[in-house]
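Participant: For reference, this is protein_32.pdb, and it has PDB, C-alpha atoms.
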```
ATOM      1  CA  MET A 885       0.000   0.000   0.000
ATOM      2  CA  THR A 886       1.229   3.501  -0.833
ATOM      3  CA  TYR A 887       0.748   6.028   1.951
ATOM      4  CA  VAL A 888      -0.080   9.536   0.804
ATOM      5  CA  VAL A 889       1.234  12.363   2.997
ATOM      6  CA  GLY A 890      -0.412  15.767   2.753
ATOM      7  CA  ALA A 891       1.652  18.950   2.558
ATOM      8  CA  HIS A 892       0.079  22.414   2.575
ATOM      9  CA  PRO A 893       1.356  25.966   3.260
ATOM     10  CA  GLN A 894       0.005  26.074   6.814
ATOM     11  CA  ASN A 895       2.341  23.230   7.846
ATOM     12  CA  LEU A 896       5.829  24.453   7.096
ATOM     13  CA  SER A 897       7.654  21.310   8.229
ATOM     14  CA  LEU A 898       5.866  19.106   5.699
ATOM     15  CA  SER A 899       5.992  21.823   3.025
ATOM     16  CA  ILE A 900       9.771  21.999   3.386
ATOM     17  CA  LEU A 901      10.187  18.215   3.517
ATOM     18  CA  ALA A 902       8.080  17.837   0.361
ATOM     19  CA  ARG A 903      10.521  20.202  -1.394
ATOM     20  CA  ARG A 904      13.634  18.196  -0.525
ATOM     21  CA  PRO A 905      14.172  15.995  -3.629
ATOM     22  CA  GLN A 906      16.410  13.431  -1.934
ATOM     23  CA  ALA A 907      14.034  12.983   0.984
ATOM     24  CA  VAL A 908      11.042  12.689  -1.354
ATOM     25  CA  ALA A 909      12.819  10.049  -3.436
ATOM     26  CA  SER A 910      13.869   8.085  -0.346
ATOM     27  CA  LEU A 911      10.337   8.108   1.070
ATOM     28  CA  ARG A 912       8.871   7.116  -2.296
ATOM     29  CA  GLU A 913      11.098   4.026  -2.299
ATOM     30  CA  LYS A 914       9.558   3.139   1.073
ATOM     31  CA  GLY A 915       6.010   3.529  -0.203
ATOM     32  CA  LEU A 916       5.227   7.118   0.838
ATOM     33  CA  GLN A 917       4.355   9.894  -1.578
ATOM     34  CA  PHE A 918       3.406  13.526  -1.075
ATOM     35  CA  PHE A 919       0.243  15.250  -2.191
ATOM     36  CA  VAL A 920       0.813  19.010  -2.132
ATOM     37  CA  TYR A 921      -2.347  21.082  -1.845
ATOM     38  CA  ALA A 922      -3.152  24.732  -1.309
ATOM     39  CA  ALA A 923      -5.177  24.926   1.910
ATOM     40  CA  GLY A 924      -4.921  23.110   5.218
ATOM     41  CA  SER A 925      -8.678  23.571   5.630
ATOM     42  CA  GLN A 926      -9.094  20.694   3.165
ATOM     43  CA  THR A 927      -7.216  18.132   5.257
ATOM     44  CA  ILE A 928     -10.225  16.522   6.941
ATOM     45  CA  PRO A 929     -12.232  16.272   3.673
ATOM     46  CA  LEU A 930      -9.194  14.770   1.917
ATOM     47  CA  ILE A 931      -8.769  12.205   4.709
ATOM     48  CA  LYS A 932     -12.486  11.371   4.644
ATOM     49  CA  ALA A 933     -12.296  10.864   0.873
ATOM     50  CA  GLY A 934      -9.307   8.536   1.208
ATOM     51  CA  VAL A 935      -6.943  10.871  -0.650
ATOM     52  CA  LEU A 936      -4.631  11.373   2.348
ATOM     53  CA  HIS A 937      -3.423   8.835   4.874
ATOM     54  CA  LEU A 938      -1.019  10.957   6.940
ATOM     55  CA  ALA A 939      -1.243  14.693   7.533
ATOM     56  CA  GLY A 940       0.171  17.629   9.429
ATOM     57  CA  THR A 941      -2.052  20.394  10.768
ATOM     58  CA  GLY A 942      -2.555  22.527  13.832
ATOM     59  CA  ALA A 943      -4.015  20.869  16.913
ATOM     60  CA  THR A 944      -7.602  21.778  16.026
ATOM     61  CA  PRO A 945      -8.410  19.376  13.145
ATOM     62  CA  PRO A 946      -7.930  16.210  15.268
ATOM     63  CA  ILE A 947     -10.544  17.587  17.697
ATOM     64  CA  LEU A 948     -12.915  18.380  14.835
ATOM     65  CA  ALA A 949     -12.268  14.981  13.242
ATOM     66  CA  LYS A 950     -13.120  13.196  16.497
ATOM     67  CA  ALA A 951     -16.275  15.304  16.794
ATOM     68  CA  GLU A 952     -17.237  14.067  13.306
ATOM     69  CA  GLY A 953     -16.797  10.461  14.417
ATOM     70  CA  LEU A 954     -13.396   9.897  12.790
ATOM     71  CA  SER A 955     -10.649   7.983  14.607
ATOM     72  CA  ALA A 956      -7.870  10.583  14.623
ATOM     73  CA  ALA A 957      -4.507   9.406  15.978
ATOM     74  CA  VAL A 958      -1.743  11.978  16.601
ATOM     75  CA  PHE A 959       1.693  10.316  16.417
ATOM     76  CA  GLY A 960       3.982  13.357  16.596
ATOM     77  CA  MET A 961       3.920  17.060  17.383
ATOM     78  CA  SER A 962       6.039  20.184  17.432
ATOM     79  CA  GLY A 963       6.950  22.115  20.514
ATOM     80  CA  SER A 964       4.889  25.093  21.609
ATOM     81  CA  ARG A 965       5.142  27.753  18.906
ATOM     82  CA  PRO A 966       5.217  31.430  19.779
ATOM     83  CA  GLU A 967       4.853  33.339  16.512
ATOM     84  CA  ARG A 968       4.918  36.928  15.333
ATOM     85  CA  GLY A 969       1.410  38.301  15.210
ATOM     86  CA  GLY A 970      -1.713  36.669  16.616
ATOM     87  CA  LEU A 971      -5.045  38.338  17.329
ATOM     88  CA  LEU A 972      -4.725  41.765  15.699
ATOM     89  CA  VAL A 973      -6.709  44.968  15.693
ATOM     90  CA  ARG A 974      -5.835  48.227  14.011
ATOM     91  CA  ALA A 975      -3.829  50.546  16.256
ATOM     92  CA  ASP A 976      -6.385  53.297  15.663
ATOM     93  CA  SER A 977      -9.362  51.076  16.570
ATOM     94  CA  GLY A 978      -9.643  51.922  20.266
ATOM     95  CA  ILE A 979      -9.785  48.194  21.087
ATOM     96  CA  HIS A 980      -7.158  47.460  23.738
ATOM     97  CA  ASP A 981      -8.135  44.066  25.157
ATOM     98  CA  LEU A 982     -10.303  41.015  24.520
ATOM     99  CA  LYS A 983     -13.347  42.549  26.159
ATOM    100  CA  GLY A 984     -13.192  45.316  23.602
ATOM    101  CA  LEU A 985     -14.020  42.727  20.931
ATOM    102  CA  VAL A 986     -17.575  42.179  22.171
ATOM    103  CA  GLY A 987     -19.845  42.496  19.148
ATOM    104  CA  LYS A 988     -16.872  42.911  16.797
ATOM    105  CA  GLY A 989     -16.070  40.959  13.649
ATOM    106  CA  ILE A 990     -13.026  38.658  13.701
ATOM    107  CA  GLY A 991     -11.559  36.886  10.673
ATOM    108  CA  LEU A 992     -10.240  33.333  11.122
ATOM    109  CA  MET A 993      -8.543  30.994   8.662
ATOM    110  CA  PRO A 994     -11.064  28.208   7.905
ATOM    111  CA  ILE A 995     -10.792  24.904   9.810
ATOM    112  CA  SER A 996      -7.531  25.830  11.500
ATOM    113  CA  TRP A 997      -5.853  26.454  14.829
ATOM    114  CA  HIS A 998      -7.238  29.999  14.710
ATOM    115  CA  THR A 999     -10.536  28.759  16.138
ATOM    116  CA  GLN A1000      -8.828  26.978  19.029
ATOM    117  CA  PHE A1001      -6.620  29.991  19.715
ATOM    118  CA  LEU A1002      -9.498  32.467  19.745
ATOM    119  CA  ALA A1003     -11.789  30.199  21.786
ATOM    120  CA  THR A1004      -9.086  29.716  24.415
ATOM    121  CA  GLU A1005      -8.353  33.439  24.630
ATOM    122  CA  LEU A1006     -12.062  34.326  24.882
ATOM    123  CA  ASP A1007     -12.600  31.741  27.603
ATOM    124  CA  ALA A1008      -9.627  33.067  29.593
ATOM    125  CA  ALA A1009     -11.090  36.577  29.314
ATOM    126  CA  GLY A1010     -14.458  35.422  30.627
ATOM    127  CA  LEU A1011     -16.152  35.774  27.239
ATOM    128  CA  ALA A1012     -18.168  33.337  25.161
ATOM    129  CA  TRP A1013     -18.094  32.661  21.410
ATOM    130  CA  ARG A1014     -21.479  34.325  20.992
ATOM    131  CA  ASP A1015     -20.022  37.551  22.410
ATOM    132  CA  VAL A1016     -18.048  38.168  19.214
ATOM    133  CA  ARG A1017     -18.768  37.857  15.504
ATOM    134  CA  ALA A1018     -16.083  35.362  14.522
ATOM    135  CA  ALA A1019     -16.178  34.060  10.958
ATOM    136  CA  GLU A1020     -14.033  31.773   8.845
ATOM    137  CA  ILE A1021     -12.736  33.860   5.943
ATOM    138  CA  LEU A1022     -10.024  33.056   3.406
ATOM    139  CA  PRO A1023      -6.843  34.761   4.668
ATOM    140  CA  ALA A1024      -6.291  36.979   1.622
ATOM    141  CA  THR A1025      -9.870  38.252   1.780
ATOM    142  CA  ALA A1026      -9.756  38.784   5.536
ATOM    143  CA  LYS A1027      -6.477  40.689   5.128
ATOM    144  CA  ASP A1028      -8.004  43.035   2.552
ATOM    145  CA  ALA A1029     -11.100  43.674   4.686
ATOM    146  CA  PHE A1030      -8.943  44.356   7.748
ATOM    147  CA  ILE A1031      -6.626  46.738   5.915
ATOM    148  CA  ASP A1032      -9.643  48.588   4.485
ATOM    149  CA  GLY A1033     -10.985  49.057   8.014
ATOM    150  CA  LEU A1034     -14.057  46.903   7.356
ATOM    151  CA  LEU A1035     -13.055  43.950   9.582
ATOM    152  CA  ASP A1036     -12.468  44.765  13.244
ATOM    153  CA  ALA A1037      -9.929  42.036  14.033
ATOM    154  CA  ILE A1038      -8.031  39.200  12.395
ATOM    155  CA  VAL A1039      -5.875  36.283  13.484
ATOM    156  CA  ALA A1040      -2.680  36.463  11.427
ATOM    157  CA  THR A1041       0.907  35.319  11.842
ATOM    158  CA  ASP A1042       3.889  35.600   9.511
ATOM    159  CA  PRO A1043       4.079  35.970   6.605
ATOM    160  CA  LEU A1044       0.495  37.326   6.517
ATOM    161  CA  TYR A1045       1.145  39.390   9.649
ATOM    162  CA  ALA A1046       4.127  41.109   8.006
ATOM    163  CA  GLN A1047       2.024  41.922   4.952
ATOM    164  CA  ILE A1048      -0.654  43.517   7.136
ATOM    165  CA  ALA A1049       1.811  45.361   9.378
ATOM    166  CA  SER A1050       3.493  46.885   6.322
ATOM    167  CA  ARG A1051       0.184  48.492   5.331
ATOM    168  CA  VAL A1052      -1.453  49.553   8.603
ATOM    169  CA  LYS A1053      -0.359  49.973  12.206
ATOM    170  CA  THR A1054      -1.655  47.121  14.336
ATOM    171  CA  ARG A1055      -2.032  46.149  17.977
ATOM    172  CA  VAL A1056      -1.566  42.513  19.048
ATOM    173  CA  LEU A1057      -4.159  41.601  21.691
ATOM    174  CA  ALA A1058      -2.953  38.019  22.158
ATOM    175  CA  SER A1059      -0.215  35.838  20.706
ATOM    176  CA  PRO A1060      -0.153  32.073  20.142
ATOM    177  CA  GLY A1061       2.199  29.992  22.213
ATOM    178  CA  THR A1062       1.068  31.235  25.638
ATOM    179  CA  ILE A1063      -2.456  30.297  26.798
ATOM    180  CA  PHE A1064      -2.769  28.178  23.647
ATOM    181  CA  SER A1065       0.417  26.205  22.976
ATOM    182  CA  ASN A1066      -0.012  26.340  19.171
ATOM    183  CA  ARG A1067       1.563  23.062  18.089
ATOM    184  CA  SER A1068       1.791  21.383  14.740
ATOM    185  CA  VAL A1069       0.562  17.805  14.976
ATOM    186  CA  TYR A1070       1.055  14.837  12.684
ATOM    187  CA  TRP A1071      -1.812  12.397  12.470
ATOM    188  CA  GLY A1072      -3.927   9.987  10.492
ATOM    189  CA  LEU A1073      -6.883   7.709  11.036
ATOM    190  CA  SER A1074      -6.058   5.196  13.756
ATOM    191  CA  GLU A1075      -7.100   2.228  11.601
ATOM    192  CA  LEU A1076      -4.471   3.273   9.054
ATOM    193  CA  VAL A1077      -1.582   4.019  11.396
ATOM    194  CA  GLU A1078      -1.885   1.411  14.152
ATOM    195  CA  ASP A1079       0.198  -1.729  13.606
ATOM    196  CA  ARG A1080       1.891  -0.090  10.630
ATOM    197  CA  ALA A1081       5.054   1.184  12.253
ATOM    198  CA  GLY A1082       7.074   1.364   9.044
ATOM    199  CA  PRO A1083       5.434   4.227   7.106
ATOM    200  CA  VAL A1084       4.790   6.331  10.199
ATOM    201  CA  ARG A1085       8.313   5.814  11.545
ATOM    202  CA  TRP A1086       9.875   6.640   8.167
ATOM    203  CA  LEU A1087       7.890   9.855   7.952
ATOM    204  CA  LEU A1088       8.836  10.809  11.519
ATOM    205  CA  ASP A1089      12.514  10.088  10.819
ATOM    206  CA  ALA A1090      12.404  12.300   7.716
ATOM    207  CA  LEU A1091      10.579  15.106   9.545
ATOM    208  CA  ILE A1092      13.013  15.038  12.459
ATOM    209  CA  GLU A1093      15.988  15.233  10.088
ATOM    210  CA  SER A1094      14.422  17.970   7.965
ATOM    211  CA  ASP A1095      13.419  20.092  10.972
ATOM    212  CA  ARG A1096      16.942  19.771  12.349
ATOM    213  CA  ALA A1097      18.261  21.116   9.035
ATOM    214  CA  VAL A1098      15.799  24.031   9.133
ATOM    215  CA  ALA A1099      16.959  25.015  12.608
ATOM    216  CA  ALA A1100      20.584  24.896  11.445
ATOM    217  CA  ASN A1101      20.018  26.766   8.187
ATOM    218  CA  PRO A1102      16.708  28.676   7.986
ATOM    219  CA  GLN A1103      17.894  30.586   4.913
ATOM    220  CA  GLU A1104      18.151  27.325   2.960
ATOM    221  CA  ALA A1105      14.657  26.330   4.100
ATOM    222  CA  ALA A1106      13.279  29.743   3.134
ATOM    223  CA  ALA A1107      14.725  29.270  -0.347
ATOM    224  CA  LEU A1108      12.837  25.973  -0.615
ATOM    225  CA  LEU A1109       9.602  27.805   0.194
ATOM    226  CA  ASP A1110      10.249  30.624  -2.279
ATOM    227  CA  GLY A1111       7.013  31.286  -4.190
ATOM    228  CA  LEU A1112       4.792  29.239  -1.873
ATOM    229  CA  ASN A1113       1.475  31.045  -1.371
ATOM    230  CA  GLY A1114       2.923  33.936  -3.358
ATOM    231  CA  ASN A1115       5.574  34.725  -0.715
ATOM    232  CA  THR A1116       9.275  35.124  -1.430
ATOM    233  CA  ALA A1117      12.055  33.420   0.503
ATOM    234  CA  ALA A1118      12.704  36.701   2.321
ATOM    235  CA  GLN A1119       9.054  36.897   3.356
ATOM    236  CA  TRP A1120       9.099  33.333   4.671
ATOM    237  CA  LEU A1121      12.298  33.780   6.671
ATOM    238  CA  PRO A1122      10.764  35.583   9.715
ATOM    239  CA  ALA A1123       8.235  32.761  10.088
ATOM    240  CA  LEU A1124      11.064  30.220  10.082
ATOM    241  CA  THR A1125      13.254  32.047  12.596
ATOM    242  CA  SER A1126      10.487  32.907  15.077
ATOM    243  CA  ARG A1127       9.435  29.366  15.923
ATOM    244  CA  PRO A1128      11.083  26.264  17.393
ATOM    245  CA  TRP A1129      11.830  23.274  15.176
ATOM    246  CA  GLY A1130      11.716  19.594  15.943
ATOM    247  CA  VAL A1131       9.224  16.768  16.358
ATOM    248  CA  VAL A1132       8.442  15.171  19.712
ATOM    249  CA  ALA A1133       6.057  12.546  21.007
ATOM    250  CA  PRO A1134       2.619  13.775  22.086
ATOM    251  CA  ASP A1135       2.427  13.721  25.881
ATOM    252  CA  ASP A1136      -0.075  13.952  28.720
ATOM    253  CA  ALA A1137       0.193  17.752  28.837
ATOM    254  CA  PHE A1138      -0.854  17.917  25.176
ATOM    255  CA  LEU A1139      -3.763  15.554  25.767
ATOM    256  CA  HIS A1140      -4.942  17.552  28.779
ATOM    257  CA  GLU A1141      -4.827  20.754  26.733
ATOM    258  CA  GLN A1142      -6.751  19.103  23.903
ATOM    259  CA  GLN A1143      -9.429  17.837  26.281
ATOM    260  CA  ARG A1144      -9.726  21.227  27.962
ATOM    261  CA  HIS A1145     -10.131  22.902  24.587
ATOM    262  CA  ALA A1146     -12.593  20.275  23.332
ATOM    263  CA  ASP A1147     -14.670  21.053  26.423
ATOM    264  CA  ILE A1148     -14.521  24.778  25.542
ATOM    265  CA  PHE A1149     -15.616  23.929  21.997
ATOM    266  CA  THR A1150     -18.631  22.092  23.411
ATOM    267  CA  ARG A1151     -19.598  24.982  25.686
ATOM    268  CA  PHE A1152     -19.194  27.449  22.827
ATOM    269  CA  GLY A1153     -21.281  25.319  20.440
ATOM    270  CA  LEU A1154     -18.371  24.782  18.045
ATOM    271  CA  ILE A1155     -18.838  20.997  18.156
ATOM    272  CA  PRO A1156     -22.213  19.310  18.622
ATOM    273  CA  ARG A1157     -21.439  17.105  21.618
ATOM    274  CA  GLN A1158     -18.990  16.409  24.417
ATOM    275  CA  ILE A1159     -16.075  14.243  23.272
ATOM    276  CA  ASP A1160     -13.276  12.347  24.979
ATOM    277  CA  VAL A1161      -9.958  12.906  23.173
ATOM    278  CA  THR A1162      -7.870  10.404  25.135
ATOM    279  CA  ASP A1163      -7.891   7.989  22.179
ATOM    280  CA  THR A1164      -6.645  10.603  19.692
ATOM    281  CA  VAL A1165      -2.945  10.017  20.455
ATOM    282  CA  ASP A1166      -0.717   7.085  19.475
ATOM    283  CA  ILE A1167       2.861   7.405  20.762
ATOM    284  CA  SER A1168       3.873   3.859  19.814
ATOM    285  CA  HIS A1169       5.363   4.906  16.487
ATOM    286  CA  PHE A1170       7.448   7.723  17.907
ATOM    287  CA  ALA A1171       9.290   5.353  20.245
ATOM    288  CA  THR A1172      10.861   3.634  17.234
ATOM    289  CA  ALA A1173      11.650   6.803  15.284
TER     290      ALA A1173
END
```
Using C-alpha cells, write down the structure that the file contains.
Facilitator:
Amino acid sequence: MTYVVGAHPQNLSLSILARRPQAVASLREKGLQFFVYAAGSQTIPLIKAGVLHLAGTGATPPILAKAEGLSAAVFGMSGSRPERGGLLVRADSGIHDLKGLVGKGIGLMPISWHTQFLATELDAAGLAWRDVRAAEILPATAKDAFIDGLLDAIVATDPLYAQIASRVKTRVLASPGTIFSNRSVYWGLSELVEDRAGPVRWLLDALIESDRAVAANPQEAAALLDGLNGNTAAQWLPALTSRPWGVVAPDDAFLHEQQRHADIFTRFGLIPRQIDVTDTVDISHFATA
C-alpha cells in the first residue's frame, strides 16, 4: 500500500520536507508519496475521501475529526510555537483588550488552529463565542477587509502578519504559544496508522531530520519555500526564525490541553457534543523513530 502524505502551506515542516528531492525520493522508495495542496482547511475532507493517509495540521483538526466520528490518531507534534502576530486589531481602533471585541467581527482561517486559539483566549477573558462575531474567511480576503478598516480584528501570523503590518499599524491583543500552545501535529486515522510502524516511523525520521536542518540553516529552508502562497524566501524567513523546530512525542500535557479545549468547543457550540480525546494520540510509532 502507498501512503499519501499531505503537505500544505500552513504546515511548514511538511511543506519543506516535500521540497527536498532526496528525501522525497527516499520516502517514495519506502512507499510514501506527497500530495501538495493549497489549503490546510481541506485536510479533513481529503482524509475522509481517502486521498490522504497521513497529515500535518494545527491541533484543532484532530478535535474536529473526532467530533465528526473519525478515529484521529496523533503520532507526533512540534513544541509550543510562539509566533509573530496573533489576534490583531488596528492601532487606531480603540480596542485594547479582549473585552473590547464584544460584538466585533473577527476573521479566522477556515478549519484551522485559529478557532482553538481564539476560543481559548475568549474563555480566559471570561467571554463566550457568541459575544463576538467570529467568521471563517479566506486569509487573503480577511487581510483586505482588515486593511480597508471593514473587519475589526483578524488572526494572522507571519508571513500574513508582516504583509498587514506593512500596510497599517496594528495592535496585538494576544499571541499564540502562551495560553494556547499552538503546536503542529502529525496524524492519520487510527485504523491506518496502528500496527503499521514502518510508514509512520519513516515519515517521523524524515521530519526530524528535515526540521533539524531548518533550525541549522533557515535561509536554505526559506529558499525551498520561495514562491509558496505567493511569498518570497525573504518573506518566509521571519516565520522560520520565530518558531522552534523539531518533532516530539505527544504527551499527557498535550492531551490535557486538547481535552480542555474540546470542552470549551462544546460549551461554545463549536462541536455538537462532548467528546473524549484520550484515544486521539498514538505514541507507539514515535518510540521507534
Participant: Which residues of stretch 1025-1075 of chain A come within 10 Å of stretch 1115-1121 of chain A, and for each one, what is the closest pair of atoms and their distance in Å to one decimal, counting all atoms listed in the file, sorted by chain and residue number, as a Markdown table?
Facilitator:
```
| residue | atom | partner | partner_atom | distance |
| --- | --- | --- | --- | --- |
| A:Asp1042 | CA | A:Trp1120 | CA | 7.5 |
| A:Pro1043 | CA | A:Trp1120 | CA | 6.0 |
| A:Leu1044 | CA | A:Gln1119 | CA | 9.1 |
| A:Ala1046 | CA | A:Gln1119 | CA | 8.0 |
| A:Gln1047 | CA | A:Gln1119 | CA | 8.8 |
```
Participant: Enumerate, as a PyMOL selection string, the residues matched when the PyMOL selection byres ((chain A and resi 1158) around 9) is run on the file above.
Facilitator: chain A and resi 951+1146-1147+1149-1151+1155-1157+1159-1160
Participant: Quick one: residues within 9 Å of stretch 991-997 of chain A, only C-alpha atoms counted, chain neighbours fewer than 3 positions away excluded, as a ChimeraX atom specification?
Facilitator: /A:894,924-928,941-945,948,1000-1002,1017-1023,1026-1027,1030,1035-1040,1066-1067
Participant: In Å, how far is it from atom CA of A:Gly1010 to atom CA of A:Leu985?
Facilitator: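 Here the two named atoms are 12.1 Å from each other.
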Participant: Run the PyMOL selection byres ((chain A and resi 921) around 9) on the file and write out the hits as a list in words.
Facilitator: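 Applied to this file, the PyMOL selection byres ((chain A and resi 921) around 9) returns Gly890, Ala891, His892, Pro893, Phe919, Val920, Ala922, Ala923, Gly924 and Gln926 of chain A.
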Participant: Please provide as a PDB file with C-alpha atoms, in the coordinates of the input all residues within 10 Å of A:Gly1033, with the sequence filter that same-chain residues fewer than 5 positions apart are discarded (counting all atoms listed in the file).
Facilitator:
```pdb
ATOM      1  CA  VAL A 973      -6.709  44.968  15.693  1.00  0.00           C
ATOM      2  CA  ARG A 974      -5.835  48.227  14.011  1.00  0.00           C
ATOM      3  CA  ASP A 976      -6.385  53.297  15.663  1.00  0.00           C
ATOM      4  CA  SER A 977      -9.362  51.076  16.570  1.00  0.00           C
ATOM      5  CA  LYS A1027      -6.477  40.689   5.128  1.00  0.00           C
ATOM      6  CA  ASP A1028      -8.004  43.035   2.552  1.00  0.00           C
ATOM      7  CA  VAL A1052      -1.453  49.553   8.603  1.00  0.00           C
TER       8      VAL A1052
END
```
Participant: Which residues are close to A:Glu967, i.e. within 7 Å by all atoms listed in the file, leaving aside same-chain residues fewer than 3 positions away? Reply as a PDB file with C-alpha atoms, keeping the file's coordinate frame.
Facilitator:
```
ATOM      1  CA  THR A1041       0.907  35.319  11.842  1.00  0.00           C
ATOM      2  CA  PRO A1060      -0.153  32.073  20.142  1.00  0.00           C
ATOM      3  CA  SER A1126      10.487  32.907  15.077  1.00  0.00           C
ATOM      4  CA  ARG A1127       9.435  29.366  15.923  1.00  0.00           C
TER       5      ARG A1127
END
```
